[in-house]
Each structure stands twice: as structure tokens, then as C-alpha cells.
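Engineer: Structure file query14.txt (compact mmCIF, C-alpha atoms (C1' of nucleotides) and all ligand atoms) right here:
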# COMPACT_ATOMS: atom_id res chain seq x y z
CA MET A 79 -75.25 12.74 -101.93
CA SER A 80 -75.76 9.62 -99.87
CA VAL A 81 -76.97 6.24 -101.01
CA LEU A 82 -78.34 5.71 -97.54
CA ARG A 83 -80.65 8.68 -97.68
CA PRO A 84 -81.33 10.09 -101.12
CA ARG A 85 -82.37 13.69 -100.58
CA THR A 86 -84.05 14.26 -103.92
CA ALA A 87 -87.03 16.16 -102.62
CA ASP A 88 -90.40 16.03 -104.32
CA ALA A 89 -90.90 19.72 -104.94
CA THR A 90 -94.61 19.34 -105.58
CA ARG A 91 -95.22 18.44 -101.91
CA PRO A 92 -92.80 20.54 -99.91
CA SER A 93 -93.60 19.25 -96.44
CA ALA A 94 -95.30 15.96 -97.19
CA ASN A 95 -92.47 13.66 -96.26
CA ALA A 96 -91.79 13.48 -92.55
CA HIS A 97 -88.45 11.77 -93.12
CA LEU A 98 -87.08 14.66 -95.09
CA ASP A 99 -88.22 17.05 -92.40
CA LEU A 100 -86.51 14.99 -89.74
CA HIS A 101 -83.19 14.87 -91.53
CA GLU A 102 -83.29 18.56 -92.30
CA LEU A 103 -83.99 19.26 -88.66
CA VAL A 104 -81.09 17.07 -87.62
CA GLU A 105 -78.83 18.88 -90.03
CA THR A 106 -79.86 22.20 -88.52
CA HIS A 107 -79.10 20.96 -85.03
CA LEU A 108 -75.66 19.76 -86.11
CA ARG A 109 -74.85 22.95 -87.99
CA ARG A 110 -75.60 24.86 -84.82
CA ILE A 111 -72.51 23.24 -83.24
CA ASP A 112 -70.44 23.36 -86.44
CA GLN A 113 -70.90 19.72 -87.28
CA ARG A 114 -71.74 18.16 -90.64
CA TYR A 115 -74.49 15.69 -91.33
CA THR A 116 -72.40 12.96 -92.90
CA SER A 117 -73.51 9.60 -94.24
CA GLY A 118 -72.51 7.68 -91.13
CA ARG A 119 -74.54 10.02 -88.96
CA GLN A 120 -77.42 9.81 -91.39
CA ALA A 121 -77.35 6.03 -91.18
CA VAL A 122 -77.53 6.15 -87.38
CA VAL A 123 -80.36 8.69 -87.36
CA GLN A 124 -82.26 6.71 -89.98
CA LEU A 125 -82.04 3.57 -87.84
CA LEU A 126 -83.22 5.36 -84.71
CA ALA A 127 -86.06 7.00 -86.61
CA THR A 128 -87.45 3.75 -88.00
CA SER A 129 -86.79 1.37 -85.12
CA GLY A 130 -89.77 2.26 -82.96
CA ARG A 131 -87.74 1.46 -79.86
CA PRO A 132 -84.43 2.51 -78.31
CA LEU A 133 -81.44 0.76 -79.84
CA SER A 134 -78.27 -0.57 -78.28
CA ILE A 135 -74.90 -0.34 -79.95
CA SER A 136 -75.22 -4.00 -80.88
CA ASP A 137 -78.56 -3.30 -82.53
CA ILE A 138 -76.99 -0.50 -84.52
CA SER A 139 -73.90 -2.47 -85.41
CA SER A 140 -75.82 -5.42 -86.77
CA ALA A 141 -78.29 -3.23 -88.66
CA ALA A 142 -75.50 -1.10 -90.15
CA PRO A 143 -72.37 -3.28 -90.22
CA ASP A 144 -70.65 -0.77 -92.49
CA VAL A 145 -70.53 1.76 -89.65
CA PRO A 146 -67.52 0.93 -87.44
CA ARG A 147 -68.24 0.59 -83.76
CA SER A 148 -65.93 3.37 -82.70
CA SER A 149 -67.58 5.67 -85.23
CA ALA A 150 -71.06 4.64 -84.11
CA TYR A 151 -70.19 5.53 -80.53
CA ARG A 152 -68.82 8.85 -81.67
CA HIS A 153 -71.81 9.58 -83.88
CA LEU A 154 -74.17 8.94 -81.00
CA SER A 155 -72.16 11.13 -78.68
CA ASP A 156 -71.97 13.93 -81.26
CA LEU A 157 -75.68 13.65 -81.99
CA GLN A 158 -76.35 13.81 -78.29
CA ARG A 159 -74.29 16.98 -77.99
CA ALA A 160 -76.38 18.38 -80.84
CA GLY A 161 -79.58 17.56 -78.97
CA VAL A 162 -80.67 15.01 -81.54
CA VAL A 163 -80.14 11.82 -79.57
CA ARG A 164 -80.85 10.78 -76.00
CA ARG A 165 -79.08 8.02 -74.11
CA ILE A 166 -81.15 5.91 -71.76
CA ALA A 167 -80.14 3.30 -69.20
CA ALA A 168 -82.12 0.08 -69.45
CA SER A 169 -82.40 -2.80 -66.99
CA ASP A 170 -79.35 -4.54 -68.37
CA GLU A 171 -75.80 -3.28 -68.68
CA PHE A 172 -76.19 -1.85 -72.19
CA ALA A 173 -77.06 1.75 -72.95
CA ARG A 174 -79.82 2.42 -75.47
CA PHE A 175 -80.25 5.37 -77.77
CA GLU A 176 -83.30 7.08 -79.20
CA LEU A 177 -84.11 10.32 -80.97
CA ALA A 178 -84.59 13.24 -78.60
CA GLU A 179 -88.17 14.06 -77.76
CA ASP A 180 -87.85 17.41 -79.52
CA LEU A 181 -87.69 15.49 -82.78
CA THR A 182 -90.30 12.87 -81.92
CA HIS A 183 -92.71 13.20 -79.03
CA HIS A 184 -92.68 12.81 -75.30
CA HIS A 185 -93.15 9.22 -74.18
CA HIS A 186 -92.17 6.69 -71.53
CA HIS A 187 -90.64 3.23 -71.33
CA LEU A 188 -91.49 -0.27 -70.27
CA LEU A 189 -88.29 -2.02 -69.18
CA CYS A 190 -88.11 -5.80 -69.11
CA SER A 191 -85.99 -6.77 -66.13
CA ASN A 192 -85.46 -10.21 -67.63
CA CYS A 193 -84.24 -9.61 -71.19
CA GLY A 194 -83.53 -5.87 -71.08
CA LYS A 195 -85.98 -4.99 -73.84
CA VAL A 196 -87.29 -1.42 -73.89
CA ILE A 197 -90.77 -0.62 -75.20
CA ASP A 198 -92.00 2.89 -76.01
CA VAL A 199 -95.37 3.97 -74.66
CA THR A 200 -97.13 7.28 -75.11
CA PRO A 201 -99.35 8.47 -72.29
CA SER A 202 -102.41 10.68 -72.64
CA PRO A 203 -102.10 14.47 -72.33
CA ALA A 204 -104.15 14.30 -69.13
CA PHE A 205 -101.65 11.86 -67.68
CA GLU A 206 -98.77 14.10 -68.62
CA ALA A 207 -100.39 17.15 -67.08
CA THR A 208 -100.75 15.24 -63.83
CA VAL A 209 -97.18 14.04 -63.93
CA ALA A 210 -95.89 17.52 -64.66
CA SER A 211 -97.65 19.08 -61.69
CA MET A 212 -96.50 16.27 -59.44
CA VAL A 213 -92.95 16.78 -60.60
CA ASP A 214 -93.23 20.44 -59.69
CA ASP A 215 -94.34 19.50 -56.19
CA LEU A 216 -91.55 16.99 -55.69
CA THR A 217 -89.00 19.41 -57.00
CA LEU A 218 -89.88 22.60 -55.19
CA GLU A 219 -88.59 22.10 -51.68
CA GLN A 220 -85.28 20.62 -52.84
CA GLY A 221 -84.15 23.67 -54.79
CA PHE A 222 -83.95 21.38 -57.76
CA HIS A 223 -84.42 22.68 -61.30
CA ALA A 224 -86.20 20.04 -63.38
CA THR A 225 -85.55 19.85 -67.11
CA SER A 226 -87.38 16.61 -67.87
CA HIS A 227 -88.77 13.47 -66.32
CA ALA A 228 -88.81 9.76 -67.03
CA LEU A 229 -91.50 7.35 -65.93
CA ASP A 230 -90.18 3.83 -66.35
CA VAL A 231 -92.32 0.79 -65.74
CA ILE A 232 -90.27 -2.21 -64.71
CA GLY A 233 -91.59 -5.71 -65.22
CA HIS A 234 -91.63 -8.57 -67.69
CA CYS A 235 -92.38 -8.28 -71.38
CA ALA A 236 -94.84 -10.52 -73.19
CA SER A 237 -92.14 -12.88 -74.49
CA CYS A 238 -90.52 -13.24 -71.08
CA GLN A 239 -93.77 -14.18 -69.35
CA ALA A 240 -93.77 -17.55 -71.11
CA THR A 241 -90.79 -18.51 -68.95
CA MET B 50 -70.95 -10.70 -32.70
CA SER B 51 -69.92 -7.75 -34.80
CA VAL B 52 -68.20 -4.58 -33.77
CA LEU B 53 -69.92 -2.86 -36.64
CA ARG B 54 -73.38 -3.60 -35.38
CA PRO B 55 -73.64 -4.65 -31.74
CA ARG B 56 -76.85 -6.64 -31.48
CA THR B 57 -77.26 -6.43 -27.72
CA ALA B 58 -80.99 -5.87 -27.71
CA ASP B 59 -82.72 -3.89 -25.00
CA ALA B 60 -85.20 -6.51 -23.88
CA THR B 61 -87.37 -3.99 -22.09
CA ARG B 62 -88.45 -2.43 -25.41
CA PRO B 63 -88.75 -5.29 -27.84
CA SER B 64 -89.63 -3.34 -30.97
CA ALA B 65 -88.53 0.16 -30.13
CA ASN B 66 -85.36 0.24 -32.21
CA ALA B 67 -85.97 0.40 -35.93
CA HIS B 68 -82.36 -0.52 -36.68
CA LEU B 69 -82.64 -3.83 -34.94
CA ASP B 70 -85.81 -4.55 -36.85
CA LEU B 71 -84.15 -3.73 -40.14
CA HIS B 72 -81.19 -5.97 -39.56
CA GLU B 73 -83.36 -8.82 -38.38
CA LEU B 74 -85.45 -8.43 -41.50
CA VAL B 75 -82.35 -8.48 -43.67
CA GLU B 76 -81.16 -11.61 -41.92
CA THR B 77 -84.48 -13.28 -42.64
CA HIS B 78 -84.26 -12.37 -46.31
CA LEU B 79 -80.75 -13.78 -46.54
CA ARG B 80 -81.62 -16.97 -44.67
CA ARG B 81 -84.36 -17.53 -47.21
CA ILE B 82 -81.67 -18.08 -49.86
CA ASP B 83 -79.27 -19.88 -47.51
CA GLN B 84 -77.01 -16.93 -46.98
CA ARG B 85 -75.54 -15.63 -43.77
CA TYR B 86 -75.66 -12.08 -42.50
CA THR B 87 -71.95 -11.56 -42.01
CA SER B 88 -70.17 -8.47 -40.78
CA GLY B 89 -69.23 -7.23 -44.24
CA ARG B 90 -72.84 -7.45 -45.35
CA GLN B 91 -73.95 -5.77 -42.15
CA ALA B 92 -71.56 -2.90 -42.79
CA VAL B 93 -72.97 -2.39 -46.29
CA VAL B 94 -76.59 -2.52 -45.11
CA GLN B 95 -75.81 -0.14 -42.26
CA LEU B 96 -74.36 2.38 -44.68
CA LEU B 97 -77.30 2.16 -47.04
CA ALA B 98 -79.74 2.47 -44.15
CA THR B 99 -78.21 5.64 -42.77
CA SER B 100 -77.13 7.43 -45.94
CA GLY B 101 -80.50 8.91 -46.92
CA ARG B 102 -79.55 8.62 -50.59
CA PRO B 103 -78.38 5.92 -52.99
CA LEU B 104 -74.68 5.15 -52.72
CA SER B 105 -72.10 4.36 -55.36
CA ILE B 106 -69.36 1.82 -54.85
CA SER B 107 -66.96 4.70 -54.29
CA ASP B 108 -69.21 6.09 -51.58
CA ILE B 109 -69.28 2.70 -49.90
CA SER B 110 -65.56 2.13 -50.27
CA SER B 111 -64.61 5.42 -48.72
CA ALA B 112 -67.13 5.09 -45.89
CA ALA B 113 -66.05 1.51 -45.16
CA PRO B 114 -62.45 1.17 -46.34
CA ASP B 115 -62.13 -2.11 -44.49
CA VAL B 116 -64.55 -3.76 -46.91
CA PRO B 117 -62.61 -4.75 -50.05
CA ARG B 118 -64.06 -3.59 -53.33
CA SER B 119 -64.56 -7.04 -54.76
CA SER B 120 -66.37 -8.07 -51.58
CA ALA B 121 -68.51 -4.93 -51.62
CA TYR B 122 -69.60 -5.71 -55.17
CA ARG B 123 -70.38 -9.27 -54.16
CA HIS B 124 -72.25 -8.20 -51.04
CA LEU B 125 -74.41 -5.85 -53.07
CA SER B 126 -75.12 -8.49 -55.64
CA ASP B 127 -75.96 -11.08 -52.96
CA LEU B 128 -78.16 -8.61 -51.11
CA GLN B 129 -79.90 -7.83 -54.34
CA ARG B 130 -80.57 -11.52 -54.93
CA ALA B 131 -82.03 -11.62 -51.42
CA GLY B 132 -84.34 -8.72 -52.25
CA VAL B 133 -82.66 -6.41 -49.76
CA VAL B 134 -80.90 -4.06 -52.14
CA ARG B 135 -81.86 -2.37 -55.38
CA ARG B 136 -79.47 -1.14 -58.05
CA ILE B 137 -80.33 2.08 -59.83
CA ALA B 138 -78.78 3.76 -62.84
CA ALA B 139 -78.04 7.44 -62.34
CA SER B 140 -77.20 10.12 -64.88
CA ASP B 141 -73.51 9.33 -64.79
CA GLU B 142 -71.73 6.08 -65.51
CA PHE B 143 -71.78 4.79 -61.92
CA ALA B 144 -74.41 2.49 -60.51
CA ARG B 145 -75.98 3.42 -57.17
CA PHE B 146 -77.44 1.15 -54.54
CA GLU B 147 -80.20 1.60 -52.00
CA LEU B 148 -82.27 -0.58 -49.71
CA ALA B 149 -85.22 -2.20 -51.45
CA GLU B 150 -88.52 -0.44 -50.98
CA ASP B 151 -89.88 -3.43 -49.04
CA LEU B 152 -87.49 -2.47 -46.25
CA THR B 153 -87.92 1.28 -46.49
CA HIS B 154 -90.75 2.92 -48.39
CA HIS B 155 -91.67 3.69 -51.94
CA HIS B 156 -90.09 6.85 -53.27
CA HIS B 157 -88.64 8.49 -56.36
CA HIS B 158 -85.45 10.21 -57.43
CA LEU B 159 -84.18 13.56 -58.56
CA LEU B 160 -81.16 13.00 -60.82
CA CYS B 161 -78.66 15.81 -61.37
CA SER B 162 -77.50 15.57 -64.96
CA ASN B 163 -74.49 17.71 -64.12
CA CYS B 164 -72.87 16.05 -61.11
CA GLY B 165 -74.74 12.73 -60.99
CA LYS B 166 -76.16 13.28 -57.51
CA VAL B 167 -79.31 11.35 -56.63
CA ILE B 168 -81.87 12.77 -54.20
CA ASP B 169 -84.70 10.75 -52.64
CA VAL B 170 -88.18 12.22 -52.70
CA THR B 171 -91.37 10.74 -51.33
CA PRO B 172 -94.61 11.57 -53.12
CA SER B 173 -98.03 11.78 -51.55
CA PRO B 174 -100.32 8.72 -51.47
CA ALA B 175 -102.69 10.53 -53.85
CA PHE B 176 -99.85 11.00 -56.30
CA GLU B 177 -98.93 7.35 -56.08
CA ALA B 178 -102.50 6.21 -56.64
CA THR B 179 -102.57 8.30 -59.80
CA VAL B 180 -99.28 6.95 -61.01
CA ALA B 181 -100.31 3.38 -60.30
CA SER B 182 -103.49 3.62 -62.34
CA MET B 183 -101.64 5.32 -65.18
CA VAL B 184 -99.08 2.57 -65.16
CA ASP B 185 -101.87 0.03 -65.48
CA ASP B 186 -103.18 1.86 -68.53
CA LEU B 187 -99.79 2.08 -70.20
CA THR B 188 -99.08 -1.53 -69.48
CA LEU B 189 -102.30 -3.22 -70.52
CA GLU B 190 -102.19 -3.23 -74.29
CA GLN B 191 -98.55 -4.34 -74.44
CA GLY B 192 -99.04 -7.62 -72.61
CA PHE B 193 -96.50 -6.32 -70.15
CA HIS B 194 -96.52 -7.43 -66.52
CA ALA B 195 -95.46 -4.53 -64.32
CA THR B 196 -93.69 -5.21 -61.04
CA SER B 197 -92.70 -1.67 -60.14
CA HIS B 198 -92.20 1.79 -61.53
CA ALA B 199 -89.66 4.58 -61.30
CA LEU B 200 -90.37 8.25 -61.75
CA ASP B 201 -87.09 10.06 -62.20
CA VAL B 202 -86.88 13.81 -62.43
CA ILE B 203 -83.86 14.94 -64.41
CA GLY B 204 -82.42 18.39 -63.90
CA HIS B 205 -79.87 20.33 -61.88
CA CYS B 206 -79.41 20.12 -58.15
CA ALA B 207 -79.18 23.17 -55.93
CA SER B 208 -75.37 23.14 -55.84
CA CYS B 209 -75.08 22.82 -59.61
CA GLN B 210 -77.36 25.79 -60.30
CA ALA B 211 -74.70 28.18 -59.05
CA THR B 212 -72.68 27.31 -62.17
C1' DG C 146 -56.14 24.48 -106.34
C1' DT C 147 -54.92 25.75 -101.46
C1' DT C 148 -55.93 25.81 -96.97
C1' DG C 149 -58.27 25.16 -92.59
C1' DT C 150 -61.26 22.34 -90.22
C1' DA C 151 -64.28 18.42 -89.52
C1' DA C 152 -64.77 13.39 -89.93
C1' DT C 153 -63.23 8.80 -90.13
C1' DG C 154 -61.26 3.91 -89.06
C1' DA C 155 -58.17 1.09 -86.70
C1' DG C 156 -56.83 -0.12 -82.72
C1' DA C 157 -54.76 0.96 -78.12
C1' DC C 158 -56.49 2.01 -73.79
C1' DT C 159 -59.50 2.71 -69.41
C1' DC C 160 -61.75 1.08 -65.61
C1' DA C 161 -66.40 -0.42 -63.54
C1' DG C 162 -67.72 -4.67 -62.77
C1' DT C 163 -67.06 -9.95 -62.75
C1' DC C 164 -64.75 -14.22 -62.01
C1' DT C 165 -61.35 -17.55 -59.97
C1' DC C 166 -59.27 -19.77 -56.52
C1' DA C 167 -57.01 -20.74 -52.39
C1' DG C 168 -57.85 -20.01 -47.74
C1' DT C 169 -61.14 -19.07 -43.71
C1' DA C 170 -65.37 -19.02 -41.04
C1' DT C 171 -69.66 -20.95 -39.70
C1' DA C 172 -73.43 -24.22 -39.10
C1' DC C 173 -74.72 -28.83 -38.13
C1' DG C 174 -74.63 -33.71 -37.01
C1' DT C 175 -72.48 -37.15 -34.08
C1' DA D 237 -65.34 -31.67 -28.90
C1' DC D 238 -64.55 -33.13 -33.44
C1' DG D 239 -65.40 -33.77 -38.44
C1' DT D 240 -67.65 -32.47 -42.45
C1' DA D 241 -70.19 -29.66 -45.59
C1' DT D 242 -71.04 -25.43 -47.21
C1' DA D 243 -70.80 -20.50 -47.13
C1' DC D 244 -67.78 -16.60 -47.14
C1' DT D 245 -63.72 -13.83 -47.98
C1' DG D 246 -59.64 -11.23 -50.16
C1' DA D 247 -56.41 -10.75 -53.70
C1' DG D 248 -55.91 -10.16 -58.00
C1' DA D 249 -56.63 -11.74 -62.84
C1' DC D 250 -59.86 -10.93 -66.25
C1' DT D 251 -63.83 -8.98 -69.32
C1' DG D 252 -65.79 -5.83 -72.28
C1' DA D 253 -68.56 -1.50 -72.98
C1' DG D 254 -67.10 2.73 -73.84
C1' DT D 255 -63.26 6.28 -74.74
C1' DC D 256 -59.13 8.20 -76.71
C1' DT D 257 -55.28 8.75 -80.08
C1' DC D 258 -53.52 9.52 -84.26
C1' DA D 259 -52.71 9.17 -89.05
C1' DT D 260 -55.52 9.78 -92.96
C1' DT D 261 -59.41 11.42 -95.67
C1' DA D 262 -63.48 14.33 -96.86
C1' DC D 263 -65.42 18.63 -96.96
C1' DA D 264 -66.27 23.78 -97.32
C1' DA D 265 -64.73 28.31 -98.25
C1' DC D 266 -62.16 31.50 -100.75
MN MN A 301 -88.24 5.72 -76.09
MN MN A 302 -83.81 6.18 -53.47
ZN ZN A 303 -88.27 -9.53 -71.74
ZN ZN A 304 -75.60 18.44 -59.26
Can the structure from this file be put into C-alpha cells for me?
Ligand SMILES: [Mn+2]
Ligand SMILES: [Mn+2]
Ligand SMILES: [Zn+2]
Ligand SMILES: [Zn+2]

Structural biologist:
Amino acid sequence: MSVLRPRTADATRPSANAHLDLHELVETHLRRIDQRYTSGRQAVVQLLATSGRPLSISDISSAAPDVPRSSAYRHLSDLQRAGVVRRIAASDEFARFELAEDLTHHHHHLLCSNCGKVIDVTPSPAFEATVASMVDDLTLEQGFHATSHALDVIGHCASCQAT
Amino acid sequence: MSVLRPRTADATRPSANAHLDLHELVETHLRRIDQRYTSGRQAVVQLLATSGRPLSISDISSAAPDVPRSSAYRHLSDLQRAGVVRRIAASDEFARFELAEDLTHHHHHLLCSNCGKVIDVTPSPAFEATVASMVDDLTLEQGFHATSHALDVIGHCASCQAT
DNA sequence: GTTGTAATGAGACTCAGTCTCAGTATACGT
DNA sequence: ACGTATACTGAGACTGAGTCTCATTACAAC
């Protein structure tokens, strides 16, 4: 039983709490590769789930100082192997991490080329349908097998436009 | 006068050779920031111009062993400052470099998540118009000022599908 | 409890990328 | 042609995000 994520479920509303569902799903994913859902991993997943944006290792370290850096790296890598976490490359030198789209929803990123900030944006279904068919076209003649796509918008965030 | 790129122009056809145009354009960009277009920089630009795909430092080093690594890094960084080169993050840990779209044309990338290979693909104008308007939509409500976009398709290249 | 396996923390280590500095090349003014 | 200022270069030291090792600890199963 973890202080970080008390799992005392409210039995009267089995599926009411999205957080419980998320963590149970994560646990399933980990179990599938014979891994346990320990408190350190829970802490990392909890951070990613509530941040609203991809987090760097520094973000994670300062938000959860009790999780050692080397463990945080390993947690993220294990969670990635389990299909729970996705690593993304931002405009700066630091990798960012977010929950896999299977556990959240498909979305894209605005990357600030000045400060490195990454902002989540969710496009309309119509947009996505268009993108998907375009991706098929691009992909076909190269003998390339597409598994996903990423539409990044590069520019300057609101705070960096003051400069 | 460089052995790497003889600039003896054929005066009878002033604009017939695209390579000459490219290098003159690069020189202009460099001059704009008080930089010279030296032979090492020429070698790097020549490689990027003829490769047909983004190159890693290793690619560049093995294709031009006479250019020291530290100089190659510096050339790329200087050329990037001059707006001639663009750095892109692939699926692996290694950065890739390509000529800026101002000097070539707008295009996108297929990233192999297995071997890290990057393939250039050029979408239709209709596609691009769609993407551009979608980008505007995504961007508007965030107070974000977009300067460019990148549509990456992640998957497995033809050679890696045999596995 | 015993045993096998997974997880952890501390810190050594790797290596892509950056920085320093002494020496060299190039442009420009006279 | 010469002097001067500034850009450029190569060698190698250095940085630091990310990885690996290993001794120890937690967990799950029987
Ligand atoms: Mn995201
Ligand atoms: Mn490209
Ligand atoms: Zn910013
Ligand atoms: Zn491949």
C-alpha cells in the first residue's frame, strides 16, 4: 500500500474514478512483461498523468525529489517497454516523457524553439482523418510501414514572444 | 579556390548549374552574419546537398574524414546560425542535419524506430495547404506563434520489415 | 520461513556534443 | 607589399544527460 497513491477503491462507484482506472491499466501493462507496479513507478505515472504536458527528467526530479535520478530514468525506460510511457524529443537537448496515447488520447505538440517548452494540443477528428490518409499516401511508395505519426508545430510560446 | 568545390563557372550558362546557385546562396547567408564560406564548410554543405537524406555526424565524418569532428560540429552550428542548416531529432540518440528548407524545399520525414533511418518525403501542395490551415487552428488559442511545422511518420523502413 | 526473482540506490561510466586556446588564414586599409 | 583586425581551424580537455554495475532490499509464490 502506497502513501503516494492510496488504492482504497470506492466500491459504490466501480468505474467513477479515472485515476484508479489509469493505474490499474498501467499495472496490467507492467504485469504483461513481468514487472511490478511499485511506488516509485506509481509516483512517476502520477506525475505524468496530472502534468498536462510532457515532463523532462528535471521536472520529475524536482516534483518527486524522493525518487533518485537513476531510478527515475529506469522507471521511464521500463514504463516505455511496457507501452505506458512515450519519449519525445523537444527543441532543446532534453528528452520529455508523457503517457502513451493508448492511455490518454492522440494529440500533437507545440514546441517552443526558444525555451524548449512543449504544449499539448488535440486536433479535431476531421483533422486526424485527413492526416491519416495523407500519411498513407506518403508512406506507400517507400515500402514503409507506419505505426504512428507526430505533427509538431515549431515556434515561440506566449511567454517567449514578450522577448 | 577549393579542391572540394571548384567554382570555375561556365559563363555561357549563367544560371544553368543548380550547385553553383546553392553555394552562392550559402555564401550570401554566411556573409550576412560576417562569416566566410571556407572549404570545410563547403565540404559539409556539399555532402548535405547530395545526400538526399539527413546526415548524422558519423555520416559526415566517414564521408569527409579530412574534416575533424570538432570542426564538423562547429560548421554545422555556424551554418545553422546562418539559416543554411537545420538540425532534426531522429528516433535514435543521434542528431541529423539537412539543408534548411529555404535552400531546398519543404518536406517531411519517415523515421524508422528500429534502425533510426530518416527518409525524406515531399507531400502534395494540397496536403500542405491542409496542414497549414490546421496548424493555424491548433496554434490560435494558445497564443503560440508558429514558424514551421514537422510531420514525422514513425514506423519501420523497408529493410527493417524483413526482421 | 525459504527461495527465486524483481526492484532499488549509489555511484562509476559512456560518449555525443561543447568549449578552450594556441596557431593559421583571410579580408581590408594604407 | 605590409600591418592589423578578425575569422577560422585542429587538438584535445571538458560537460553532462543518460546508462550500467553491483550490492542490497522488497516482493511473490509455495
Ligand atoms: Mn503530449
Ligand atoms: Mn529532410
Ligand atoms: Zn518559450
Ligand atoms: Zn529501419

Engineer: For the interface of chain A with chain D (cut-off 9 Å, counting all atoms listed in the file), please tabulate each contacting residue of chain A alongside its nearest pair of atoms and their separation in Å to one decimal, rows sorted by chain and increasing number, as CSV.

Structural biologist:
residue,atom,partner,partner_atom,distance
A:Arg114,CA,D:DC263,C1',9.0
A:Ser148,CA,D:DT255,C1',8.9
A:Tyr151,CA,D:DG254,C1',7.9
A:Glu171,CA,D:DA253,C1',8.6
A:Phe172,CA,D:DA253,C1',7.7

Engineer: Mind writing the picked residues with C-alpha atoms as a short mmCIF file (atom, residue, chain, number, x, y, z; two decimals), in the coordinates of the input?

Structural biologist:
data_model
loop_
_atom_site.label_atom_id
_atom_site.label_comp_id
_atom_site.auth_asym_id
_atom_site.auth_seq_id
_atom_site.Cartn_x
_atom_site.Cartn_y
_atom_site.Cartn_z
CA ARG A 114 -71.74 18.16 -90.64
CA SER A 148 -65.93 3.37 -82.70
CA TYR A 151 -70.19 5.53 -80.53
CA GLU A 171 -75.80 -3.28 -68.68
CA PHE A 172 -76.19 -1.85 -72.19
#

Engineer: Let me have all residues with an atom within 9 Å of ligand MN 301 (chain A), counting all atoms listed in the file, laid out as a PyMOL selection string.

Structural biologist: chain A and resi 130-132+164+166+175-179+184-188+196-199

Engineer: Using only C-alpha atoms (C1' of nucleotides), select each residue of chain B with any atom at most 12 Å away from an atom of chain C, and give the selection as a VMD selection string.

Structural biologist: chain B and resid 83 to 88 105 to 107 118 to 123 125 to 126 142 to 144

Engineer: The residues within 10 Å of (-78.7, 22.5, -84.6), using only C-alpha atoms (C1' of nucleotides) and the coordinates of the file, should be reported as a ChimeraX atom specification; which are they?

Structural biologist: /A:102-113,157,159-162

Engineer: Could you please tell me, as a list in words, which residues of chain B have an atom within 8 Å of chain A when using only C-alpha atoms?

Structural biologist: Ala138, Leu159, Val170, Thr171, Pro172, Phe176, Val180, Met183, Val184, Leu187, Thr188, Gln191, Gly192, Phe193, His194, Ala195, Thr196, Ser197, His198, Ala199, Leu200, Asp201, Val202, Ile203, Gly204, His205, Cys206, Ala207 and Gln210 of chain B

Engineer: Would you work out the distance separating atom ZN of ligand ZN 304 (chain A) from atom CA of His124 of chain B, expressed in Å to one decimal?

Structural biologist: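 Distance between the two atoms: 28.1 Å.
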
Engineer: Can you tell me how far atom CA of Arg145 of chain B sits from atom CA of Asp127 of chain B, in Å to one decimal?

Structural biologist: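 A separation of 15.1 Å between them.
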
Engineer: Which residue gives the smallest distance to ligand ZN 303 (chain A) among A:Thr128, A:Asn192, A:Ser139, A:Gln158, with all atoms listed in the file counted?

Structural biologist: A:Asn192

Engineer: Rank nothing, just name the residue among B:Thr153, B:Leu189, B:Cys164, B:Gln91 nearest to ligand MN 302 (chain A), using only C-alpha atoms and all ligand atoms.

Structural biologist: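 Looking only at the distances to ligand MN 302 (chain A), the closest residue turns out to be B:Thr153.
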